[in-house]
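target_0.cif (mmCIF, C-alpha atoms) appears below.
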```
data_input
#
loop_
_atom_site.group_PDB
_atom_site.id
_atom_site.type_symbol
_atom_site.label_atom_id
_atom_site.label_comp_id
_atom_site.auth_asym_id
_atom_site.auth_seq_id
_atom_site.Cartn_x
_atom_site.Cartn_y
_atom_site.Cartn_z
ATOM 1 C CA MET A 197 -1.342 54.991 -2.096
ATOM 2 C CA LYS A 198 -3.727 53.770 -4.815
ATOM 3 C CA GLU A 199 -3.651 57.123 -6.611
ATOM 4 C CA ARG A 200 0.163 57.169 -6.662
ATOM 5 C CA VAL A 201 0.336 53.609 -8.018
ATOM 6 C CA VAL A 202 -2.161 54.455 -10.768
ATOM 7 C CA MET A 203 -0.250 57.644 -11.671
ATOM 8 C CA LEU A 204 3.026 55.690 -11.854
ATOM 9 C CA GLY A 205 1.431 53.087 -14.133
ATOM 10 C CA ASP A 206 -0.057 55.767 -16.401
ATOM 11 C CA ALA A 207 3.344 57.465 -16.723
ATOM 12 C CA ILE A 208 5.089 54.200 -17.612
ATOM 13 C CA ILE A 209 2.456 53.331 -20.230
ATOM 14 C CA ALA A 210 2.716 56.823 -21.791
ATOM 15 C CA ILE A 211 6.510 56.411 -22.069
ATOM 16 C CA ILE A 212 6.138 52.914 -23.573
ATOM 17 C CA ILE A 213 3.797 54.165 -26.311
ATOM 18 C CA THR A 214 6.078 57.160 -27.020
ATOM 19 C CA ILE A 215 9.142 54.932 -27.388
ATOM 20 C CA MET A 216 7.279 52.604 -29.757
ATOM 21 C CA VAL A 217 6.254 55.406 -32.128
ATOM 22 C CA LEU A 218 9.787 56.832 -32.136
ATOM 23 C CA ASP A 219 11.064 53.472 -33.379
ATOM 24 C CA LEU A 220 8.989 53.624 -36.578
ATOM 25 C CA PRO A 221 11.409 53.459 -39.543
ATOM 26 C CA ILE A 222 10.700 56.497 -41.726
ATOM 27 C CA LYS A 223 13.393 56.154 -44.413
ATOM 28 C CA LEU A 224 13.954 57.851 -47.752
ATOM 29 C CA ASN A 225 15.068 56.143 -50.950
ATOM 30 C CA GLN A 226 17.639 57.533 -53.356
ATOM 31 C CA ALA A 227 14.980 59.697 -55.048
ATOM 32 C CA GLY A 228 14.148 61.317 -51.712
ATOM 33 C CA ASN A 229 10.745 59.622 -51.369
ATOM 34 C CA ILE A 230 9.496 57.777 -48.298
ATOM 35 C CA GLU A 231 9.811 53.987 -48.520
ATOM 36 C CA PHE A 232 6.140 53.150 -47.967
ATOM 37 C CA GLU A 233 6.736 49.424 -48.513
ATOM 38 C CA LEU A 234 8.735 49.448 -45.284
ATOM 39 C CA LEU A 235 6.606 52.018 -43.438
ATOM 40 C CA PHE A 236 3.144 50.467 -43.838
ATOM 41 C CA PRO A 237 4.010 47.015 -42.382
ATOM 42 C CA SER A 238 5.866 48.780 -39.561
ATOM 43 C CA VAL A 239 2.823 50.906 -38.743
ATOM 44 C CA GLY A 240 0.732 47.720 -38.675
ATOM 45 C CA ILE A 241 3.120 46.091 -36.193
ATOM 46 C CA TYR A 242 3.157 49.300 -34.129
ATOM 47 C CA PHE A 243 -0.660 49.167 -34.154
ATOM 48 C CA ILE A 244 -0.535 45.647 -32.659
ATOM 49 C CA SER A 245 1.613 46.799 -29.761
ATOM 50 C CA PHE A 246 -0.319 50.055 -29.323
ATOM 51 C CA CYS A 247 -3.641 48.201 -28.997
ATOM 52 C CA PHE A 248 -2.039 45.605 -26.715
ATOM 53 C CA VAL A 249 -0.747 48.300 -24.345
ATOM 54 C CA GLY A 250 -4.001 50.256 -24.678
ATOM 55 C CA ASN A 251 -6.069 47.206 -23.733
ATOM 56 C CA PHE A 252 -3.802 46.639 -20.743
ATOM 57 C CA TRP A 253 -4.397 50.215 -19.565
ATOM 58 C CA TYR A 254 -8.169 49.956 -20.094
ATOM 59 C CA GLN A 255 -8.529 46.701 -18.161
ATOM 60 C CA THR A 256 -6.450 47.859 -15.191
ATOM 61 C CA ALA A 257 -8.136 51.287 -15.133
ATOM 62 C CA GLN A 258 -11.580 49.659 -14.870
ATOM 63 C CA VAL A 259 -10.702 47.599 -11.802
ATOM 64 C CA PHE A 260 -8.529 50.260 -10.133
ATOM 65 C CA ASN A 261 -11.539 52.588 -10.224
ATOM 66 C CA LEU A 262 -13.563 50.048 -8.227
ATOM 67 C CA VAL A 263 -11.092 49.100 -5.481
ATOM 68 C CA ASN A 264 -10.553 51.189 -2.358
ATOM 69 C CA LYS A 265 -6.940 50.217 -1.842
ATOM 70 C CA ILE A 266 -4.179 48.215 -3.511
ATOM 71 C CA LYS A 267 -2.747 45.410 -1.394
ATOM 72 C CA ASN A 268 1.009 44.840 -1.186
ATOM 73 C CA LYS A 269 0.854 41.560 -3.137
ATOM 74 C CA ASP A 270 -1.131 43.281 -5.910
ATOM 75 C CA PHE A 271 1.409 46.094 -6.022
ATOM 76 C CA VAL A 272 4.256 43.571 -6.436
ATOM 77 C CA VAL A 273 2.405 41.807 -9.283
ATOM 78 C CA TYR A 274 1.674 45.179 -10.895
ATOM 79 C CA MET A 275 5.354 46.189 -10.806
ATOM 80 C CA ILE A 276 6.447 42.843 -12.292
ATOM 81 C CA LEU A 277 3.779 43.357 -14.935
ATOM 82 C CA MET A 278 5.113 46.836 -15.709
ATOM 83 C CA PHE A 279 8.629 45.431 -16.066
ATOM 84 C CA PHE A 280 7.567 42.969 -18.755
ATOM 85 C CA LEU A 281 5.304 45.552 -20.404
ATOM 86 C CA SER A 282 8.249 47.964 -20.670
ATOM 87 C CA LEU A 283 9.984 45.364 -22.895
ATOM 88 C CA VAL A 284 7.240 45.657 -25.528
ATOM 89 C CA PRO A 285 8.944 48.565 -27.428
ATOM 90 C CA ALA A 286 12.194 46.587 -27.806
ATOM 91 C CA PHE A 287 10.385 43.482 -29.053
ATOM 92 C CA THR A 288 8.223 45.597 -31.336
ATOM 93 C CA ARG A 289 11.375 47.069 -32.906
ATOM 94 C CA LEU A 290 12.726 43.549 -33.482
ATOM 95 C CA LEU A 291 9.418 42.561 -35.060
ATOM 96 C CA ILE A 292 9.574 45.583 -37.383
ATOM 97 C CA GLU A 293 13.111 44.688 -38.480
ATOM 98 C CA ASP A 294 12.310 41.021 -39.161
ATOM 99 C CA THR A 295 9.277 38.768 -38.777
ATOM 100 C CA ASN A 296 10.981 35.369 -38.692
ATOM 101 C CA ARG A 297 9.820 32.480 -36.535
ATOM 102 C CA GLU A 298 12.096 33.169 -33.548
ATOM 103 C CA ILE A 299 11.158 36.861 -33.254
ATOM 104 C CA VAL A 300 7.421 36.256 -33.656
ATOM 105 C CA LEU A 301 7.668 33.514 -31.022
ATOM 106 C CA MET A 302 9.625 35.803 -28.667
ATOM 107 C CA TYR A 303 7.031 38.553 -29.129
ATOM 108 C CA GLY A 304 4.254 36.043 -28.504
ATOM 109 C CA LEU A 305 6.019 34.763 -25.382
ATOM 110 C CA LEU A 306 6.347 38.296 -24.029
ATOM 111 C CA THR A 307 2.661 39.055 -24.598
ATOM 112 C CA PHE A 308 1.841 35.679 -23.017
ATOM 113 C CA ILE A 309 3.806 36.543 -19.850
ATOM 114 C CA VAL A 310 2.187 39.995 -19.672
ATOM 115 C CA THR A 311 -1.268 38.463 -20.150
ATOM 116 C CA ILE A 312 -0.721 35.857 -17.405
ATOM 117 C CA PHE A 313 0.444 38.430 -14.849
ATOM 118 C CA LEU A 314 -2.430 40.681 -15.899
ATOM 119 C CA GLN A 315 -4.913 37.848 -15.278
ATOM 120 C CA ILE A 316 -3.366 37.235 -11.841
ATOM 121 C CA LEU A 317 -3.720 40.931 -10.985
ATOM 122 C CA LEU A 318 -7.263 41.233 -12.334
ATOM 123 C CA ASN A 319 -8.360 38.047 -10.588
ATOM 124 C CA SER A 320 -7.088 39.343 -7.229
ATOM 125 C CA LEU A 321 -8.602 42.817 -7.655
ATOM 126 C CA GLU A 322 -11.939 41.493 -8.951
ATOM 127 C CA GLN A 323 -12.122 39.069 -6.035
ATOM 128 C CA GLN A 324 -11.566 42.001 -3.678
ATOM 129 C CA ILE A 325 -14.308 43.994 -5.436
ATOM 130 C CA ASN A 326 -16.763 41.097 -5.304
ATOM 131 C CA GLU A 327 -16.063 40.504 -1.612
ATOM 132 C CA GLU A 328 -16.766 44.156 -0.861
ATOM 133 C CA LYS A 329 -19.980 44.052 -2.909
ATOM 134 C CA LYS A 330 -20.905 40.590 -1.541
ATOM 135 C CA VAL A 331 -21.445 39.381 -5.088
ATOM 136 C CA LYS A 332 -22.798 35.873 -5.655
ATOM 137 C CA ASP A 333 -20.490 33.010 -6.661
ATOM 138 C CA GLY A 334 -21.878 32.984 -10.216
ATOM 139 C CA VAL A 335 -19.890 36.129 -10.994
ATOM 140 C CA GLN A 336 -16.744 34.557 -9.531
ATOM 141 C CA ARG A 337 -17.184 31.446 -11.681
ATOM 142 C CA LYS A 338 -17.635 33.566 -14.777
ATOM 143 C CA ILE A 339 -14.408 35.480 -14.038
ATOM 144 C CA ARG A 340 -12.431 32.285 -13.429
ATOM 145 C CA PHE A 341 -13.797 30.734 -16.623
ATOM 146 C CA LYS A 342 -12.808 33.828 -18.618
ATOM 147 C CA HIS A 343 -9.260 33.853 -17.215
ATOM 148 C CA ARG A 344 -8.757 30.146 -17.890
ATOM 149 C CA GLY A 345 -10.015 30.588 -21.431
ATOM 150 C CA THR A 346 -7.505 33.406 -21.986
ATOM 151 C CA PHE A 347 -4.661 31.224 -20.702
ATOM 152 C CA VAL A 348 -5.553 28.268 -22.963
ATOM 153 C CA PHE A 349 -5.964 30.509 -26.011
ATOM 154 C CA ARG A 350 -2.573 32.184 -25.450
ATOM 155 C CA ILE A 351 -0.889 28.760 -25.250
ATOM 156 C CA PHE A 352 -2.536 27.773 -28.531
ATOM 157 C CA LEU A 353 -1.401 31.053 -30.101
ATOM 158 C CA LEU A 354 2.210 30.405 -29.091
ATOM 159 C CA VAL A 355 2.114 26.989 -30.787
ATOM 160 C CA LEU A 356 0.554 28.563 -33.887
ATOM 161 C CA ALA A 357 3.222 31.287 -33.990
ATOM 162 C CA TYR A 358 5.977 28.666 -33.798
ATOM 163 C CA PHE A 359 4.778 26.542 -36.698
ATOM 164 C CA TYR A 360 3.143 29.316 -38.759
ATOM 165 C CA PRO A 361 4.834 32.636 -37.855
ATOM 166 C CA LYS A 362 3.109 34.689 -40.586
ATOM 167 C CA LEU A 363 -0.321 33.398 -39.593
ATOM 168 C CA GLY A 364 0.542 33.931 -35.934
ATOM 169 C CA LEU A 365 1.426 37.547 -36.700
ATOM 170 C CA VAL A 366 -1.940 38.050 -38.425
ATOM 171 C CA VAL A 367 -3.733 36.666 -35.358
ATOM 172 C CA TYR A 368 -1.688 38.957 -33.112
ATOM 173 C CA LEU A 369 -2.797 41.816 -35.358
ATOM 174 C CA GLY A 370 -6.510 41.053 -34.974
ATOM 175 C CA LEU A 371 -6.401 40.021 -31.322
ATOM 176 C CA PRO A 372 -6.043 43.543 -29.818
ATOM 177 C CA ILE A 373 -9.068 44.764 -31.813
ATOM 178 C CA PHE A 374 -11.159 41.831 -30.609
ATOM 179 C CA GLY A 375 -9.814 42.342 -27.082
ATOM 180 C CA PHE A 376 -10.838 45.988 -27.109
ATOM 181 C CA LEU A 377 -14.385 45.126 -28.225
ATOM 182 C CA GLN A 378 -14.544 42.360 -25.618
ATOM 183 C CA ASN A 379 -13.517 44.795 -22.881
ATOM 184 C CA ILE A 380 -16.324 47.165 -23.909
ATOM 185 C CA ILE A 381 -18.844 44.310 -23.906
ATOM 186 C CA THR A 382 -17.669 42.986 -20.530
ATOM 187 C CA HIS A 383 -17.892 46.435 -18.943
ATOM 188 C CA GLU A 384 -21.384 47.014 -20.341
ATOM 189 C CA GLU A 385 -22.460 43.515 -19.314
ATOM 190 C CA ASP A 386 -21.328 44.156 -15.740
ATOM 191 C CA ILE A 387 -23.619 47.213 -15.591
ATOM 192 C CA TYR A 388 -26.633 45.042 -16.421
ATOM 193 C CA VAL A 389 -25.628 42.196 -14.113
ATOM 194 C CA ASP A 390 -25.368 44.643 -11.196
ATOM 195 C CA GLN A 391 -29.015 45.594 -11.773
ATOM 196 C CA MET A 392 -30.307 42.008 -11.899
ATOM 197 C CA ASN A 393 -32.064 40.301 -9.030
ATOM 198 C CA ASP A 394 -31.061 36.819 -7.832
ATOM 199 C CA GLU A 395 -33.364 34.961 -10.244
ATOM 200 C CA GLN A 396 -32.158 36.985 -13.217
ATOM 201 C CA ARG A 397 -28.503 36.426 -12.327
ATOM 202 C CA GLN A 398 -29.056 32.708 -11.908
ATOM 203 C CA TYR A 399 -30.629 32.429 -15.345
ATOM 204 C CA TYR A 400 -28.062 34.719 -16.959
ATOM 205 C CA PHE A 401 -25.033 32.788 -15.681
ATOM 206 C CA GLN A 402 -26.619 29.433 -16.482
ATOM 207 C CA SER A 403 -26.929 30.511 -20.111
ATOM 208 C CA GLN A 404 -24.157 33.112 -20.311
ATOM 209 C CA ASN A 405 -22.783 31.698 -23.562
ATOM 210 C CA GLN A 406 -26.105 32.331 -25.271
ATOM 211 C CA PRO A 407 -28.463 34.471 -23.168
ATOM 212 C CA TRP A 408 -31.010 34.677 -25.984
ATOM 213 C CA ASP A 409 -31.667 32.998 -29.334
ATOM 214 C CA ASN A 410 -28.596 34.380 -31.101
ATOM 215 C CA GLY A 411 -25.232 34.872 -29.375
ATOM 216 C CA PHE A 412 -24.283 37.543 -31.913
ATOM 217 C CA GLN A 413 -27.478 39.379 -30.996
ATOM 218 C CA LYS A 414 -26.177 39.652 -27.445
ATOM 219 C CA TYR A 415 -22.876 41.162 -28.578
ATOM 220 C CA ALA A 416 -24.593 43.568 -30.947
ATOM 221 C CA ALA A 417 -26.977 44.716 -28.224
ATOM 222 C CA LEU A 418 -24.168 45.263 -25.720
ATOM 223 C CA ILE A 419 -21.989 47.160 -28.204
ATOM 224 C CA ARG A 420 -24.941 49.299 -29.277
ATOM 225 C CA SER A 421 -25.735 50.005 -25.640
ATOM 226 C CA SER A 422 -22.153 51.064 -24.860
ATOM 227 C CA MET A 423 -22.014 53.345 -27.915
ATOM 228 C CA ASN A 424 -25.268 54.992 -26.805
ATOM 229 C CA ASN A 425 -23.796 55.647 -23.353
ATOM 230 C CA ALA A 426 -26.576 53.557 -21.847
ATOM 231 C CA GLN A 427 -26.427 52.713 -18.173
ATOM 232 C CA GLY A 428 -28.947 49.915 -17.877
ATOM 233 C CA ALA A 429 -32.673 49.711 -18.264
ATOM 234 C CA GLN A 430 -33.261 53.440 -17.754
ATOM 235 C CA LYS A 431 -31.517 54.325 -21.019
ATOM 236 C CA ASP A 432 -31.579 51.098 -22.997
ATOM 237 C CA PRO A 433 -34.828 49.179 -22.405
ATOM 238 C CA GLU A 434 -34.356 47.243 -25.658
ATOM 239 C CA TRP A 435 -31.562 45.170 -24.087
ATOM 240 C CA TRP A 436 -33.843 44.224 -21.215
ATOM 241 C CA ARG A 437 -36.764 43.469 -23.511
ATOM 242 C CA GLN A 438 -34.635 40.993 -25.444
ATOM 243 C CA PHE A 439 -33.237 39.450 -22.267
ATOM 244 C CA ASN A 440 -36.668 39.135 -20.629
ATOM 245 C CA HIS A 441 -38.171 37.684 -23.807
ATOM 246 C CA GLN A 442 -35.568 34.929 -23.948
ATOM 247 C CA TRP A 443 -35.825 34.297 -20.207
ATOM 248 C CA GLN A 444 -39.625 34.036 -20.411
ATOM 249 C CA SER A 445 -39.349 31.644 -23.382
ATOM 250 C CA GLU A 446 -37.066 29.439 -21.295
ATOM 251 C CA VAL A 447 -39.491 29.515 -18.326
ATOM 252 C CA ASP A 448 -42.426 28.659 -20.638
ATOM 253 C CA ARG A 449 -40.455 25.751 -22.081
ATOM 254 C CA LYS A 450 -39.773 24.362 -18.589
ATOM 255 C CA ILE A 451 -43.439 24.731 -17.595
ATOM 256 C CA ALA A 452 -44.517 22.889 -20.755
ATOM 257 C CA THR A 453 -42.083 20.063 -19.917
ATOM 258 C CA ILE A 454 -43.499 19.795 -16.387
ATOM 259 C CA ASP A 455 -47.068 19.694 -17.762
ATOM 260 C CA LYS A 456 -46.092 16.734 -19.960
ATOM 261 C CA GLU A 457 -44.567 14.926 -16.969
ATOM 262 C CA LEU A 458 -47.689 15.635 -14.886
ATOM 263 C CA ALA A 459 -49.871 14.114 -17.600
ATOM 264 C CA LYS A 460 -47.817 10.915 -17.536
ATOM 265 C CA THR A 461 -47.445 10.284 -13.800
ATOM 266 C CA GLU A 462 -50.012 9.116 -11.248
ATOM 267 C CA ASP A 463 -47.591 9.056 -8.307
ATOM 268 C CA PRO A 464 -48.911 11.558 -5.680
ATOM 269 C CA SER A 465 -45.451 12.455 -4.315
ATOM 270 C CA GLN A 466 -44.087 12.986 -7.829
ATOM 271 C CA ARG A 467 -47.091 15.124 -8.768
ATOM 272 C CA GLN A 468 -46.639 17.217 -5.630
ATOM 273 C CA TYR A 469 -42.946 17.738 -6.452
ATOM 274 C CA LEU A 470 -43.731 18.718 -10.051
ATOM 275 C CA ASN A 471 -46.501 21.088 -8.978
ATOM 276 C CA GLN A 472 -44.097 22.820 -6.589
ATOM 277 C CA LYS A 473 -41.585 23.278 -9.403
ATOM 278 C CA LYS A 474 -44.314 24.590 -11.685
ATOM 279 C CA GLU A 475 -45.505 27.049 -9.036
ATOM 280 C CA LYS A 476 -41.970 28.438 -8.641
ATOM 281 C CA LEU A 477 -41.657 28.848 -12.408
ATOM 282 C CA GLU A 478 -45.032 30.565 -12.665
ATOM 283 C CA ASN A 479 -43.983 32.981 -9.915
ATOM 284 C CA GLN A 480 -40.804 33.611 -11.849
ATOM 285 C CA ARG A 481 -42.819 34.276 -15.019
ATOM 286 C CA LYS A 482 -44.931 36.801 -13.112
ATOM 287 C CA GLN A 483 -41.735 38.526 -11.925
ATOM 288 C CA ILE A 484 -40.558 38.728 -15.533
ATOM 289 C CA ASP A 485 -43.854 40.321 -16.589
ATOM 290 C CA ASP A 486 -43.722 42.821 -13.704
ATOM 291 C CA TYR A 487 -40.107 43.724 -14.436
ATOM 292 C CA ALA A 488 -40.767 44.139 -18.154
ATOM 293 C CA LYS A 489 -43.735 46.409 -17.364
ATOM 294 C CA MET A 490 -41.587 48.469 -14.972
ATOM 295 C CA ILE A 491 -38.939 48.957 -17.668
ATOM 296 C CA SER A 492 -41.599 49.943 -20.217
ATOM 297 C CA ASP A 493 -43.106 52.462 -17.785
ATOM 298 C CA LYS A 494 -39.697 53.989 -17.032
ATOM 299 C CA HIS A 495 -39.026 54.389 -20.730
ATOM 300 C CA GLN A 496 -42.526 55.778 -21.418
ATOM 301 C CA ARG A 497 -42.489 58.468 -18.719
ATOM 302 C CA PRO A 498 -39.566 60.493 -20.184
ATOM 303 C CA ARG A 499 -41.282 60.373 -23.604
ATOM 304 C CA GLU A 500 -44.560 61.672 -22.188
ATOM 305 C CA SER A 501 -42.805 64.475 -20.324
ATOM 306 C CA LYS A 502 -41.005 65.522 -23.545
ATOM 307 C CA GLU A 503 -44.232 65.483 -25.550
ATOM 308 C CA GLY A 504 -46.032 67.413 -22.794
#
```
What do you get writing this file as structure tokens?
Amino acid sequence: MKERVVMLGDAIIAIIITIMVLDLPIKLNQAGNIEFELLFPSVGIYFISFCFVGNFWYQTAQVFNLVNKIKNKDFVVYMILMFFLSLVPAFTRLLIEDTNREIVLMYGLLTFIVTIFLQILLNSLEQQINEEKKVKDGVQRKIRFKHRGTFVFRIFLLVLAYFYPKLGLVVYLGLPIFGFLQNIITHEEDIYVDQMNDEQRQYYFQSQNQPWDNGFQKYAALIRSSMNNAQGAQKDPEWWRQFNHQWQSEVDRKIATIDKELAKTEDPSQRQYLNQKKEKLENQRKQIDDYAKMISDKHQRPRESKEG
């Protein structure tokens, strides 16, 4: 059943993209030359819709690959989603013909509806995946936070498109590119999270907005890893070195704070509590050192075998 649903969705998406490209206005002027002033903006608008549909396919393909079966309620949501997605070519044609406030708002409303149903579908499928894998609640919270953020941003974008249609159109142009990069980063991030132990996951989700000193450094590392076809520490130890370095810095900072509190207090029960916390952190620091050494050894062995 799952395979047939996926094949049906792929066929619909292929038809949608074909219809959109057929609607591109390639017109000739009186001299017999192509009217590029009309063609170039139209190609840009087509690019928006192409990336939007492409991102939809990528996101659903990732989760469909991980589920064993598609439940009836998910199938119903998917079909409703396909119905609204099939309207994208018609709204793209309207957008090509005129970019006034009403049309930009209608296009934005359509993409908003598609995005909401997509989030409902992804949330259900990801919950099913996490239940099968017995994933910790930190992953679930991250997924819910991401979906809520998408909803709020789409509402804001609708308001922007109503009051500033030209600016809204520019944002709609850049959004699919950002969305595509975000999908790559999320997929690569999931690979690393799957390889983390409980302590690593706890730290990572506590500081997921900035897992080391520079948030852009995180994105750059994840994009670089995905472009290198890395699959975790075995092929990209640099990502882990950066992550472990930041994690160890955070552990050292907490230990230093506890040492200051120990120097100030004379209460035996408080000192015992602080010493227990410090012992846990020191054990965690040792785990970081051991894990970093393991990654370094894994990376060193292939080099030595090549040189030998």
message: Which residue is closest to Phe376 of chain A? Choose from A:Gln480, A:Ser445, A:Gln438, A:Gln255 and count all atoms listed in the file.
response: A:Gln255
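Nearest to Leu369 of chain A of all the residues A:Leu291, A:Leu321, A:Cys247, A:Ile484 is A:Cys247, based on all atoms listed in the file.
Remark: for Ile325 of chain A, the closest of the candidate residues A:Pro464, A:Met197, A:Ile266, A:Trp435 is A:Ile266 (distances computed over all atoms listed in the file).
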- request: Choose the residue, out of A:Lys450, A:Arg350, A:His441, A:Lys473, that has the smallest atom-to-atom separation from Ile312 of chain A; count only C-alpha atoms.
  value: A:Arg350
- prompt: Which residues, protein or nucleic acid, reach to within 10 Å of (-7.2, 48.4, -6.9) in the file's coordinates when using all atoms listed in the file, and can you give that as a PyMOL selection string?
  reply: chain A and resi 198-199+201-202+256-267+270-271+317-318+320-322+324-325
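This file gives the following result for the PyMOL selection byres ((chain A and resi 356) around 12): Arg297, Val300, Leu301, Gly304, Leu305, Phe349, Arg350, Ile351, Phe352, Leu353, Leu354, Val355, Ala357, Tyr358, Phe359, Tyr360, Pro361, Lys362, Leu363, Gly364, Leu365, Val366, Val367 and Tyr368 of chain A.
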May I have the residues from that selection written out with C-alpha atoms, as a PDB file, in the frame of the given file?
```pdb
ATOM      1  CA  ARG A 297       9.820  32.480 -36.535  1.00  0.00           C
ATOM      2  CA  VAL A 300       7.421  36.256 -33.656  1.00  0.00           C
ATOM      3  CA  LEU A 301       7.668  33.514 -31.022  1.00  0.00           C
ATOM      4  CA  GLY A 304       4.254  36.043 -28.504  1.00  0.00           C
ATOM      5  CA  LEU A 305       6.019  34.763 -25.382  1.00  0.00           C
ATOM      6  CA  PHE A 349      -5.964  30.509 -26.011  1.00  0.00           C
ATOM      7  CA  ARG A 350      -2.573  32.184 -25.450  1.00  0.00           C
ATOM      8  CA  ILE A 351      -0.889  28.760 -25.250  1.00  0.00           C
ATOM      9  CA  PHE A 352      -2.536  27.773 -28.531  1.00  0.00           C
ATOM     10  CA  LEU A 353      -1.401  31.053 -30.101  1.00  0.00           C
ATOM     11  CA  LEU A 354       2.210  30.405 -29.091  1.00  0.00           C
ATOM     12  CA  VAL A 355       2.114  26.989 -30.787  1.00  0.00           C
ATOM     13  CA  ALA A 357       3.222  31.287 -33.990  1.00  0.00           C
ATOM     14  CA  TYR A 358       5.977  28.666 -33.798  1.00  0.00           C
ATOM     15  CA  PHE A 359       4.778  26.542 -36.698  1.00  0.00           C
ATOM     16  CA  TYR A 360       3.143  29.316 -38.759  1.00  0.00           C
ATOM     17  CA  PRO A 361       4.834  32.636 -37.855  1.00  0.00           C
ATOM     18  CA  LYS A 362       3.109  34.689 -40.586  1.00  0.00           C
ATOM     19  CA  LEU A 363      -0.321  33.398 -39.593  1.00  0.00           C
ATOM     20  CA  GLY A 364       0.542  33.931 -35.934  1.00  0.00           C
ATOM     21  CA  LEU A 365       1.426  37.547 -36.700  1.00  0.00           C
ATOM     22  CA  VAL A 366      -1.940  38.050 -38.425  1.00  0.00           C
ATOM     23  CA  VAL A 367      -3.733  36.666 -35.358  1.00  0.00           C
ATOM     24  CA  TYR A 368      -1.688  38.957 -33.112  1.00  0.00           C
TER      25      TYR A 368
END
```
